[in-house]
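Okay, work_29.cif now, which holds mmCIF, C-alpha atoms:
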data_input
loop_
_atom_site.label_atom_id
_atom_site.label_comp_id
_atom_site.auth_asym_id
_atom_site.auth_seq_id
_atom_site.Cartn_x
_atom_site.Cartn_y
_atom_site.Cartn_z
CA MET J 705 71.67 63.95 57.45
CA ASN J 706 70.99 61.75 54.44
CA GLU J 707 72.07 63.42 51.18
CA LEU J 708 68.68 62.57 49.73
CA ASP J 709 67.13 64.89 52.32
CA ASN J 710 68.73 67.84 50.52
CA GLU J 711 67.43 66.85 47.11
CA ILE J 712 64.82 69.18 45.67
CA TYR J 713 61.41 67.67 46.36
CA LYS J 714 59.29 70.25 44.58
CA THR J 715 59.59 73.58 42.78
CA PHE J 716 56.82 76.18 43.02
CA HIS J 717 56.48 78.69 40.15
CA GLY J 718 55.25 82.11 41.28
CA HIS J 719 54.65 85.49 39.66
CA LYS J 720 57.87 86.95 41.06
CA GLY J 721 60.12 83.90 41.07
CA ASP J 722 60.54 80.21 41.81
CA TYR J 723 60.71 78.52 45.21
CA THR J 724 62.01 75.10 46.17
CA ILE J 725 61.58 72.71 49.07
CA THR J 726 63.73 69.69 49.89
CA LYS J 727 62.54 66.25 50.88
CA LYS J 728 63.49 67.00 54.52
CA GLN J 729 61.60 70.30 54.51
CA TRP J 730 58.51 68.56 53.14
CA GLU J 731 58.73 65.86 55.83
CA ASP J 732 59.00 68.61 58.47
CA ARG J 733 55.97 70.47 57.15
CA HIS J 734 53.22 71.63 59.46
CA GLY J 735 49.87 70.18 58.48
CA GLY J 736 47.00 72.47 59.42
CA THR J 737 43.28 72.14 58.90
CA MET J 738 43.49 74.14 55.67
CA GLY J 739 46.63 72.57 54.16
CA ASN J 740 50.41 72.38 54.47
CA VAL J 741 52.87 74.99 55.72
CA VAL J 742 56.51 74.38 54.83
CA VAL J 743 59.81 76.29 54.91
CA GLY J 744 61.26 76.76 51.43
CA LYS J 745 63.87 78.85 49.63
CA THR J 746 63.91 81.35 46.83
CA VAL J 747 65.74 80.11 43.73
CA ASN J 748 67.07 83.48 42.65
CA SER J 749 70.11 84.94 44.40
CA PRO J 750 70.36 85.83 47.20
CA GLN J 751 68.56 82.73 48.39
CA GLU J 752 66.25 83.43 51.28
CA GLU J 753 64.03 81.22 53.41
CA VAL J 754 60.30 81.73 52.97
CA ILE J 755 57.09 80.12 54.15
CA ILE J 756 55.09 78.30 51.47
CA LYS J 757 51.47 77.50 52.19
CA SER J 758 49.62 75.05 49.94
CA PRO J 759 45.98 74.00 50.34
CA LYS J 760 44.40 70.61 50.55
CA SER J 761 42.82 69.51 47.32
CA ASP J 762 39.19 70.32 48.07
CA ARG J 763 37.67 73.52 46.71
CA GLU J 764 36.89 75.02 50.13
CA HIS J 765 40.54 75.04 51.23
CA ILE J 766 41.80 76.31 47.88
CA ASP J 767 39.29 79.17 48.02
CA ALA J 768 40.34 79.98 51.60
CA LEU J 769 44.01 80.23 50.59
CA VAL J 770 43.17 82.35 47.53
CA ARG J 771 41.25 84.67 49.87
CA GLU J 772 44.19 84.80 52.31
CA ALA J 773 46.56 85.70 49.46
CA TYR J 774 44.15 88.40 48.28
CA ILE J 775 44.02 89.94 51.77
CA LEU J 776 47.78 89.87 52.40
CA ARG J 777 48.59 91.09 48.88
CA GLY J 778 46.22 94.02 49.32
CA ILE J 779 47.82 95.21 52.56
CA LYS J 780 51.47 94.34 51.82
CA ASP J 781 52.66 97.90 51.12
CA GLU J 782 50.95 99.34 54.22
CA ILE J 783 52.44 96.61 56.43
CA GLU J 784 55.96 97.29 55.24
CA THR J 785 55.67 101.09 55.17
CA LYS J 786 54.00 101.54 58.56
CA GLN J 787 55.49 98.43 60.18
CA TYR J 788 52.29 96.78 61.32
CA SER J 789 52.76 93.52 63.21
CA ILE J 790 51.31 91.36 60.44
CA VAL J 791 53.05 88.69 58.38
CA SER J 792 54.13 90.00 54.98
CA TYR J 793 53.03 88.67 51.58
CA ILE J 794 55.76 87.74 49.07
CA ASP J 795 54.23 85.87 46.13
CA GLU J 796 51.64 83.38 44.91
CA ALA J 797 51.16 80.86 42.11
CA LYS J 798 50.99 81.80 38.47
CA PRO J 799 47.70 81.15 36.65
CA ASN J 800 47.13 77.49 35.76
CA GLU J 801 49.51 76.33 38.51
CA ASP J 802 48.37 74.52 41.64
CA PHE J 803 47.72 77.41 44.02
CA PHE J 804 50.17 78.31 46.80
CA LEU J 805 51.02 81.37 48.87
CA VAL J 806 54.52 82.59 49.78
CA MET J 807 55.06 84.66 52.96
CA GLU J 808 57.99 85.97 54.95
CA ARG J 809 59.74 83.48 57.21
CA LEU J 810 59.33 84.58 60.82
CA VAL J 811 62.10 83.07 62.93
CA GLY J 812 60.73 82.60 66.42
CA GLU J 813 57.89 80.77 68.13
CA SER J 814 54.18 81.16 68.56
CA LEU J 815 52.92 83.07 71.57
CA GLU J 816 51.44 79.80 72.83
CA ASP J 817 54.82 78.05 72.60
CA LYS J 818 56.57 80.97 74.29
CA ILE J 819 54.25 80.93 77.30
CA GLY J 820 53.06 77.34 77.24
CA THR J 821 49.70 75.84 78.11
CA ASP J 822 50.37 74.36 81.56
CA LEU J 823 48.65 75.97 84.53
CA PHE J 824 51.88 76.92 86.26
CA ASN J 825 53.85 78.29 83.32
CA GLU J 826 55.32 81.73 83.88
CA LYS J 827 53.28 84.65 82.59
CA LEU J 828 54.93 87.40 80.56
CA ASP J 829 56.26 90.43 82.38
CA GLU J 830 54.01 93.48 82.42
CA GLU J 831 56.13 95.53 80.01
CA THR J 832 56.03 92.76 77.38
CA VAL J 833 52.27 92.23 77.82
CA ILE J 834 51.68 95.95 77.22
CA LYS J 835 54.03 96.06 74.22
CA PHE J 836 52.52 93.00 72.53
CA SER J 837 48.96 94.14 73.28
CA LYS J 838 49.60 97.55 71.72
CA GLU J 839 51.13 95.95 68.62
CA ILE J 840 48.13 93.65 68.13
CA ALA J 841 45.63 96.46 68.80
CA ARG J 842 47.37 98.80 66.34
CA SER J 843 47.35 96.09 63.68
CA LEU J 844 43.65 95.34 64.27
CA GLU J 845 42.81 99.03 64.01
CA PHE J 846 44.50 99.07 60.61
CA LEU J 847 42.83 95.84 59.42
CA HIS J 848 39.36 96.98 60.43
CA SER J 849 39.66 100.26 58.53
CA CYS J 850 41.75 99.38 55.46
CA ILE J 851 40.20 99.38 51.98
CA LEU J 852 40.90 96.48 49.65
CA PRO J 853 40.49 96.42 45.87
CA ARG J 854 37.46 94.66 44.44
CA MET J 855 37.57 90.89 44.05
CA ASN J 856 35.52 88.90 41.50
CA ASN J 857 33.22 91.87 40.78
CA GLN J 858 32.13 92.08 44.40
CA PRO J 859 31.35 95.49 45.92
CA GLY J 860 34.12 97.60 47.41
CA GLU J 861 35.42 96.26 50.70
CA PHE J 862 35.95 98.11 53.93
CA GLY J 863 38.22 96.39 56.39
CA ILE J 864 39.23 92.85 57.30
CA ILE J 865 38.10 90.75 60.24
CA HIS J 866 40.66 88.11 61.27
CA ARG J 867 38.10 85.89 63.10
CA ASP J 868 40.68 83.53 64.63
CA LEU J 869 43.01 85.63 66.76
CA LYS J 870 44.64 83.36 69.35
CA PRO J 871 48.12 82.59 70.78
CA GLN J 872 48.77 79.97 68.07
CA ASN J 873 48.20 82.63 65.38
CA LEU J 874 50.62 85.15 66.90
CA MET J 875 54.34 84.74 66.28
CA VAL J 876 56.94 86.15 68.64
CA ALA J 877 59.80 86.94 66.26
CA LYS J 878 62.45 89.55 65.62
CA ARG J 879 62.15 92.31 63.05
CA GLY J 880 64.87 94.91 62.90
CA GLY J 881 66.64 93.31 65.83
CA GLU J 882 63.68 93.76 68.18
CA GLU J 883 61.14 91.18 69.31
CA HIS J 884 57.56 91.72 68.15
CA CYS J 885 54.22 89.90 68.33
CA ILE J 886 53.19 89.31 64.71
CA MET J 887 49.78 88.25 63.46
CA ILE J 888 49.66 85.28 61.07
CA ASP J 889 47.15 82.90 59.45
CA PHE J 890 44.43 84.82 57.64
CA GLY J 891 42.80 81.61 56.38
CA THR J 892 39.57 82.56 58.15
CA GLY J 893 39.98 86.27 57.40
CA LYS J 894 36.85 87.91 56.07
CA ARG J 895 36.22 91.09 54.12
CA ASN J 896 33.98 93.40 56.10
CA TYR J 897 31.66 94.76 53.42
CA LYS J 898 31.30 98.52 53.97
CA GLY J 899 31.82 97.95 57.69
CA ALA J 900 28.58 96.01 57.97
CA GLY J 901 30.00 92.57 58.72
CA GLY J 902 28.31 90.96 55.73
CA THR J 903 25.83 88.11 55.91
CA GLN J 904 28.10 85.07 56.21
CA THR J 905 27.17 82.99 59.25
CA LEU J 906 29.70 80.15 58.98
CA LYS J 907 30.82 79.15 62.47
CA VAL J 908 34.59 79.66 62.49
CA GLY J 909 37.21 80.40 65.10
CA THR J 910 38.51 78.78 68.26
CA TYR J 911 36.51 78.21 71.41
CA GLY J 912 38.02 80.11 74.34
CA TYR J 913 39.30 82.93 72.11
CA SER J 914 36.76 83.71 69.38
CA CYS J 915 33.71 85.55 70.67
CA PRO J 916 30.53 83.49 71.31
CA HIS J 917 28.81 85.64 68.67
CA GLN J 918 30.74 83.72 65.98
CA PHE J 919 29.32 80.38 67.14
CA ALA J 920 25.72 81.58 67.38
CA GLY J 921 25.08 81.75 63.65
CA LYS J 922 25.53 85.52 63.53
CA PRO J 923 27.77 87.52 61.14
CA ALA J 924 31.24 88.35 62.43
CA PHE J 925 32.09 92.03 62.94
CA PRO J 926 35.24 93.90 64.10
CA GLY J 927 34.21 93.63 67.76
CA CYS J 928 34.76 89.87 67.52
CA ASP J 929 38.50 90.49 67.03
CA LEU J 930 38.54 92.84 70.03
CA TYR J 931 36.95 90.13 72.17
CA ALA J 932 39.71 87.74 71.06
CA LEU J 933 42.36 90.37 71.83
CA GLY J 934 41.01 90.62 75.38
CA ARG J 935 41.29 86.84 75.77
CA VAL J 936 44.87 86.91 74.41
CA MET J 937 45.80 89.73 76.83
CA PHE J 938 44.35 87.73 79.73
CA TYR J 939 46.39 84.70 78.62
CA MET J 940 49.63 86.73 78.42
CA ALA J 941 49.08 88.38 81.81
CA THR J 942 47.98 85.35 83.81
#

Same coordinates, now as structure tokens:
Amino acid sequence: MNELDNEIYKTFHGHKGDYTITKKQWEDRHGGTMGNVVVGKTVNSPQEEVIIKSPKSDREHIDALVREAYILRGIKDEIETKQYSIVSYIDEAKPNEDFFLVMERLVGESLEDKIGTDLFNEKLDEETVIKFSKEIARSLEFLHSCILPRMNNQPGEFGIIHRDLKPQNLMVAKRGGEEHCIMIDFGTGKRNYKGAGGTQTLKVGTYGYSCPHQFAGKPAFPGCDLYALGRVMFYMAT
């Protein structure tokens, strides 16, 4: 490896600490539709690997990442106390800094990578399908009923709808020495105002997993996530 690859490429300044990425880590970043996802490290000892998510420059993607940080920050304590299978929030940018979000580093692979997309790839064994399905269902039950603090003087919120549950947004990784199926990517997550689903009709999600309701110009509601869970279970089992 070239020594220049280990040179610090960028330092991110957060509320709780600073985070660095090297030139090599930046080159290995994952570029999604909303921005960049890169593995970085905490500056303070002990140094730990984290995931740093930064948006593209347009306002829509910045707002989406701010909303994702708001959601994960609001449920962080519940996730860690009750061990829900949801990625954990760590930090975010200080005011007046270019926005970024820091999350726990999940060492593993996506559910899609674990199973594969070819027709004749091996399905998961029944015990694993049941375990992963229960973990996702338990996490969705929590998300749909949790109460978040107010944001930007909006009314009180009741629950979160993920809106893009699919094998690519589920990580198979170890926590506490045991393999779990962990929900990630809340970039399309939506606050469910007082359980009513709100009025937003933006067509978001992934064909084949998100329910047709989301692509028909109708507001998303918690049942949309349950539809996606059914599609994920079918994928795991077949």

- Item | Near-J:Ser758 list (7 Å; only C-alpha atoms; drop same-chain fewer than 6 positions) as a PyMOL selection string | chain J and resi 739-741+803-805

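Computed from the coordinates, the atom CA of J:Met738 to atom CA of J:Pro926 distance equals 23.0 Å.
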
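One finds atom CA of J:Cys928 at 26.0 Å from atom CA of J:Leu823.
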
- Pick from J:Asp732, J:Glu816, J:Asp795, J:Asp767, whichever lies nearest to J:Val936 using all atoms listed in the file: J:Glu816

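Interatomic distance, atom CA of J:His717 to atom CA of J:Pro799: 9.8 Å.
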
Would you pick out the contacts of J:Asp889 at 10 Å or less, using all atoms listed in the file, so that residues sharing its chain but fewer than 3 positions from it are not included, and give the list as a short mmCIF file (atom, residue, chain, number, x, y, z; two decimals) with C-alpha atoms, keeping the file's coordinate frame?
data_model
loop_
_atom_site.label_atom_id
_atom_site.label_comp_id
_atom_site.auth_asym_id
_atom_site.auth_seq_id
_atom_site.Cartn_x
_atom_site.Cartn_y
_atom_site.Cartn_z
CA LEU J 769 44.01 80.23 50.59
CA GLU J 772 44.19 84.80 52.31
CA LEU J 776 47.78 89.87 52.40
CA ILE J 790 51.31 91.36 60.44
CA VAL J 791 53.05 88.69 58.38
CA HIS J 866 40.66 88.11 61.27
CA ASP J 868 40.68 83.53 64.63
CA LEU J 869 43.01 85.63 66.76
CA GLN J 872 48.77 79.97 68.07
CA ASN J 873 48.20 82.63 65.38
CA LEU J 874 50.62 85.15 66.90
CA THR J 892 39.57 82.56 58.15
CA GLY J 893 39.98 86.27 57.40
#

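Shortest separation to J:Met875 among J:Ile819, J:Leu933, J:Leu810, J:Cys850 occurs at residue J:Leu810, atoms counted being all atoms listed in the file.
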
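When only C-alpha atoms are used to compute distances to J:Val770, the closest of the residues J:Lys798, J:Arg809, J:His884, J:Arg879 turns out to be J:Lys798.
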